[in-house]
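Presented below is the structure to which this report refers.
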2 protein chains.
Amino acid sequence: MADDRESMAAPRELGERKATVLRIVVEEYVRTGEPVGSETIAERAQLSVSPATIRNELSALEEMGYLGHPHTSAGRVPTDLGYRSFVNSLPAGRLRETQKRAISDFFAQTVMDLEETLVGATQLLSRLTQYAGLAVPPNAADERVVHVELVGVGSVILALIVGQHGHVDKRTLDRPDGIDDGELAELSDRLGRALAGRTATDAEIEVLRMSANAPEPERSLIKGLADALAEMRNGQAGAHVLVRGVSNLAGEAATWRRETIQRLFEALERESEMLSLLQTPPGDPEEDVHVTIGGEHPSTEEWDAAIVSANYRVGDTSLGTIGVVGPTRMDYVTAIATVRAIARRISELATALDG
Amino acid sequence: MADDRESMAAPRELGERKATVLRIVVEEYVRTGEPVGSETIAERAQLSVSPATIRNELSALEEMGYLGHPHTSAGRVPTDLGYRSFVNSLPAGRLRETQKRAISDFFAQTVMDLEETLVGATQLLSRLTQYAGLAVPPNAADERVVHVELVGVGSVILALIVGQHGHVDKRTLDRPDGIDDGELAELSDRLGRALAGRTATDAEIEVLRMSANAPEPERSLIKGLADALAEMRNGQAGAHVLVRGVSNLAGEAATWRRETIQRLFEALERESEMLSLLQTPPGDPEEDVHVTIGGEHPSTEEWDAAIVSANYRVGDTSLGTIGVVGPTRMDYVTAIATVRAIARRISELATALDG
DNA sequence: TCCTATCACTCTCGGGTCGGGAGTGCTAAA
DNA sequence: TTTAGCACTCCCGACCCGAGAGTGATAGGA
């Protein structure tokens with residue numbers, strides 16, 4: 001985004017004092033929720049200048065679009081651009097000890113596969129930040145198939161497809177007449193051996209090949225499996241977004257209008273919207289945490305919300321994304337540090353599991 | 001509950017006209033959200049009596065505890081007891097055609113196992129009622145194990161336990177040194193054959209017996225499986241409650257205070273609380289739908305909420321529960337009819353799958 | 001005995017007014 | 001360029017008021 005570039009450079013163009021003033025406005029407003037006046041800033045700032053001077057800086061910052069004004073005689077409030085500038089000029093930032101420990105404790109638990117980890121991490125994110133935690137699991141389409149199993153359950157057949165990252169995809173297939181449990185086990189075995197190690201796409205082709213040569217009772221079953229693989233491939237399945245801790249947002253709601261929060265909640269239930277919102281940042285390989293603030297994206301604009309997200313990866317390839325959603329008036333320092341730390345740990349874990 | 005019995009009898013003791021008045025107050029209040037005045041009732045009632053007469057009935061109903069009064073010069077509002085009486089005197093009640101069709105369409109979809117069905121049904125419930133949909137899947141502890149599989153995934157081992165109702169329980173186990181994929185497959189096969197058809201409890205015993213005689217590399221693996229089965233048995237795992245459509249409640253929120261709705265949302269994230277709330281009604285075998293209104297339970301009291309729930313079953317044994325949560329000012333007629341219809345369809349499906 | 005018409009009374013709600021206070025913007029001086 | 005001083009603007013809460021809704025009570029009628 002061109003906007004991004006512009007505002008990224010901004011804090012430097014701002015001059016040191018303006019930057020300090022902006023920083024204090026953001027910090028104070030995030031803390032109290034009240035518009036911030038010149039006097040408060042003068043007291044808090046190391047710069048020993050008078051409120052009047054600060055006022056000049058404030059109106060300059062307002063002119064430039066970094067601050068807003070609920071009404072004439074109120075203090076200043078950061079605009080989305082103001083938050084953006086603040087975030088971009090943020091130093092590395094570290095976590096509090098308690099938070100560090102909470103993260104370590106979580107990852108020190110008994111062995112977990114990636115999927116379990118993501119569920120737990122989403123919850124952890126929401127607990128540590130007090131916003132809602134999000135996670136996008138690895139895309140099934142890119143995964144290798146590790147195992148395939150057909151299991152007869154009652155009057156149907158369950159096709160289990162185990163992916164490289166421990167995700168188990170489950171499909172229900174009609175049980176064709178004239179297949180007994182023995183034949184099923186044998187077929188399951190045959191399929192398992194034929195497909196192990198292939199990508200979803202690859203496996204699909206192989207299954208189609210097998211179904212062509214198969215005798216009838218088996219054939220429709222194999223066909224069903226092919227459908228399941230096809231769905232996996234084009235991402236209709238498994239494209240879930242994990243969401244935890246929405247109740248945090250209901251509490252935070254003091255900042256939000258009823259209507260706004262309802263739209264946000266609705267969106268959180270629409271997986272496709274969250275997915276595209278989280279997946280967009282391809283992610284600068286160096287800048288690992290991505291922040292979307294209010295008007296920078298139509299969705300976040302609609303909710304007055306900000307999203308802090310980061311990819312987790314094995315080597316250089318990104319597997320998926322985690323993050324948090326909260327109000328634009330968010331504690332970005334904590335949110336960014338937390339998301340970064342957890343994404344890093346997930347990357348480590350995923351790398352270890354991959355071996 | 002003693003309360004239940006008392007109020008159950010009430011509508012008959014009320015006398016026909018009082019019952020009608022109460023019914024109109026509830027219907028009108030549910031519809032508009034405004035306290036209902038004597039004039040409105042007089043207009044809507046077939047009873048051709050004057051508002052003055054209605055007022056006498058109203059103050060009698062208030063005296064008896066069925067109605068409340070926000071303030072002197074406001075209309076009447078049903079109390080929890082009032083809703084209770086209304087609900088108990090409700091005739092069978094039928095669904096609108098569009099709703100019927102939506103339900104039929106859903107169940108006419110391609111084969112689904114019970115788990116998928118429950119997820120979909122929860123969503124369906126929330127869509128049709130405009131409240132939040134709930135579902136408790138069958139208790140894993142009571143299920144039979146249909147299949148067990150050990151799959152090596154990267155550096156760990158996945159233990160898959162497939163239950164009678166199509167639920168797949170997944171556990172991650174440490175991969176002991178010195179087990180190659182061949183041995184793993186062989187062990188998996190042996191376990192699968194040994195455990196198929198047993199109950200979780202039974203399977204656990206068998207696994208423990210096997211682990212006693214097993215040589216070391218296998219042994220810790222089998223032990224891990226035993227742990228997984230133990231967890232399943234005492235219900236720590238799989239005891240999930242499905243929740244969909246909470247955004248409906250955020251919209252409905254006009255009725256609720258911020259604080260109340262936050263507590264409700266928090267509770268919806270605490271599975272244990274929802275579980276105990278939904279599981280309590282053992283369910284009269286004849287009266288299939290159970291309604292909990294506000295003060296009738298500490299949880300619902302805290303949220304000003306009502307829960308309409310029903311068990312789904314195979315034969316006479318209940319497998320689990322579905323339902324909806326909404327404000328006490330709820331459209332009970334639709335909610336009850338919808339929950340009843342969907343529970344029935346799920347029961348049918350579960351019975352068919354079982355064969 | 002039960003129903004109804006009437007009427008005074010109570011309480012909420014929205015609008016209007018008002019003073020205090022916070023914070024600004026401007027101006028003039030250091 | 002900074003600062004002090006000061007007038008000005010606008011929000012906010014309190015208060016008041018009148019309209020309206022709905023009740024409760026009382027007295028008369030079937």
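Letters for chains follow the order of the structure tokens (A, B, ...), residue numbers begin at 1 for each chain, and ligand numbers begin at 1 in the order shown.
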Could you pull out the strand (DSSP E) residues of segment 59-246 of chain A, going by DSSP on the backbone, and write them as a ChimeraX atom specification?
/A:67-68,77-78,132-136,145-153,156-163,168-174,242-244
Return as JSON lines the residues of chain A lying at most 8 Å from chain D, together with the closest atom-to-atom pair for each and the distance in Å to one decimal, counting only C-alpha atoms (C1' of nucleotides), with rows in chain order and ascending residue number.
```
{"residue": "A:Ser50", "atom": "CA", "partner": "D:DT3", "partner_atom": "C1'", "distance": 7.1}
{"residue": "A:Ala52", "atom": "CA", "partner": "D:DT3", "partner_atom": "C1'", "distance": 7.0}
{"residue": "A:Thr53", "atom": "CA", "partner": "D:DT2", "partner_atom": "C1'", "distance": 6.7}
{"residue": "A:His71", "atom": "CA", "partner": "D:DC10", "partner_atom": "C1'", "distance": 6.9}
{"residue": "A:Thr72", "atom": "CA", "partner": "D:DC10", "partner_atom": "C1'", "distance": 6.2}
{"residue": "A:Ser73", "atom": "CA", "partner": "D:DC10", "partner_atom": "C1'", "distance": 5.7}
```
Could you give me the residues within segment 52-179 of chain A that DSSP places in helix (DSSP H, G or I), as an NGL selection string?
:A and (52-63 or 80-88 or 97-107 or 114-129 or 140-142)
Dump as a Markdown table the rows for residues of chain B within 8 Å of chain A: closest atom pair and distance in Å with one decimal, only C-alpha atoms counted, ordered by chain and rising residue number.
```
| residue | atom | partner | partner_atom | distance |
| --- | --- | --- | --- | --- |
| B:Val111 | CA | A:Thr172 | CA | 6.2 |
| B:Met112 | CA | A:Thr172 | CA | 5.6 |
| B:Asp113 | CA | A:Thr172 | CA | 6.1 |
| B:Val146 | CA | A:Val153 | CA | 6.8 |
| B:His147 | CA | A:Val151 | CA | 7.1 |
| B:Val151 | CA | A:His147 | CA | 7.0 |
| B:Gly152 | CA | A:Val146 | CA | 7.9 |
| B:Val153 | CA | A:Gln164 | CA | 6.3 |
| B:Gly154 | CA | A:Asp354 | CA | 4.9 |
| B:Ser155 | CA | A:Leu353 | CA | 5.1 |
| B:Val156 | CA | A:Leu353 | CA | 6.8 |
| B:Leu158 | CA | A:Gly166 | CA | 7.3 |
| B:Gln164 | CA | A:Val153 | CA | 6.3 |
| B:His165 | CA | A:Val153 | CA | 7.2 |
| B:Gly166 | CA | A:Val153 | CA | 6.3 |
| B:Arg171 | CA | A:Met112 | CA | 7.9 |
| B:Thr172 | CA | A:Met112 | CA | 5.6 |
| B:Leu173 | CA | A:Val111 | CA | 6.5 |
| B:Asp174 | CA | A:Val111 | CA | 6.4 |
| B:Gly245 | CA | A:Glu269 | CA | 7.5 |
| B:Val246 | CA | A:Phe265 | CA | 7.5 |
| B:Ser247 | CA | A:Phe265 | CA | 5.1 |
| B:Asn248 | CA | A:Gln262 | CA | 7.8 |
| B:Ala250 | CA | A:Gln262 | CA | 5.3 |
| B:Gly251 | CA | A:Gln262 | CA | 5.7 |
| B:Ala253 | CA | A:Arg258 | CA | 7.7 |
| B:Arg258 | CA | A:Gly251 | CA | 7.4 |
| B:Glu259 | CA | A:Gly251 | CA | 7.2 |
| B:Ile261 | CA | A:Ala250 | CA | 7.3 |
| B:Gln262 | CA | A:Ala250 | CA | 5.3 |
| B:Arg263 | CA | A:Ser247 | CA | 7.9 |
| B:Phe265 | CA | A:Ser247 | CA | 5.1 |
| B:Glu266 | CA | A:Ser247 | CA | 5.3 |
| B:Glu269 | CA | A:Gly245 | CA | 7.5 |
| B:Ala352 | CA | A:Ser155 | CA | 7.3 |
| B:Leu353 | CA | A:Ser155 | CA | 5.1 |
| B:Asp354 | CA | A:Gly154 | CA | 4.9 |
| B:Gly355 | CA | A:Gly154 | CA | 5.5 |
```
Interface, chain C side, toward chain A (9 Å; only C-alpha atoms (C1' of nucleotides)) as an MDAnalysis selection string
chainID C and resid 22:25
Go ahead and write the residues just picked, C-alpha atoms (C1' of nucleotides), as a short mmCIF file (atom, residue, chain, number, x, y, z; two decimals), in the first residue's frame.
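The resulting file, out.cif, is shown below:
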```
data_model
loop_
_atom_site.label_atom_id
_atom_site.label_comp_id
_atom_site.auth_asym_id
_atom_site.auth_seq_id
_atom_site.Cartn_x
_atom_site.Cartn_y
_atom_site.Cartn_z
"C1'" DA C 22 -12.08 21.72 30.26
"C1'" DG C 23 -9.44 22.78 26.61
"C1'" DT C 24 -8.58 25.25 22.76
"C1'" DG C 25 -6.86 29.19 19.66
#
```
Exercise: Thr98 of chain A partners within 12 Å, only C-alpha atoms (C1' of nucleotides), chain neighbours under 5 positions left out, as a ChimeraX atom specification
/A:103-105,128,338
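Going from atom CA of Gln109 of chain A over to atom CA of Ala140 of chain A, you cover 25.6 Å.
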Option closest in space to Gly192 of chain A, from A:Ile342, A:Ile54, A:Ala19, A:Leu225 [counting only C-alpha atoms]:
A:Leu225
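In this comparison, which uses only C-alpha atoms, the residue of B:Ala335, B:Val136, B:Leu319, B:Leu118 approaching Val289 of chain B most closely is B:Ala335.
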Residues at most 6 Å from Leu134 of chain B, counting only C-alpha atoms (C1' of nucleotides), excluding those fewer than 2 positions away in the same chain, as a list in words?
Thr122, Leu242, Val243, Ile322, Gly323 and Val324 of chain B
Would you work out the distance separating atom CA of Thr32 of chain B from atom CA of Ala337 of chain B, expressed in Å to one decimal?
21.1 Å
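Atom pair atom CA of Arg144 of chain B / atom CA of Thr199 of chain B has a distance of 4.1 Å (rounded to one decimal).
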Selection near Asp80 of chain A, 7 Å with only C-alpha atoms (C1' of nucleotides), sequence-local residues under 4 positions removed, as a count of residues only:
4
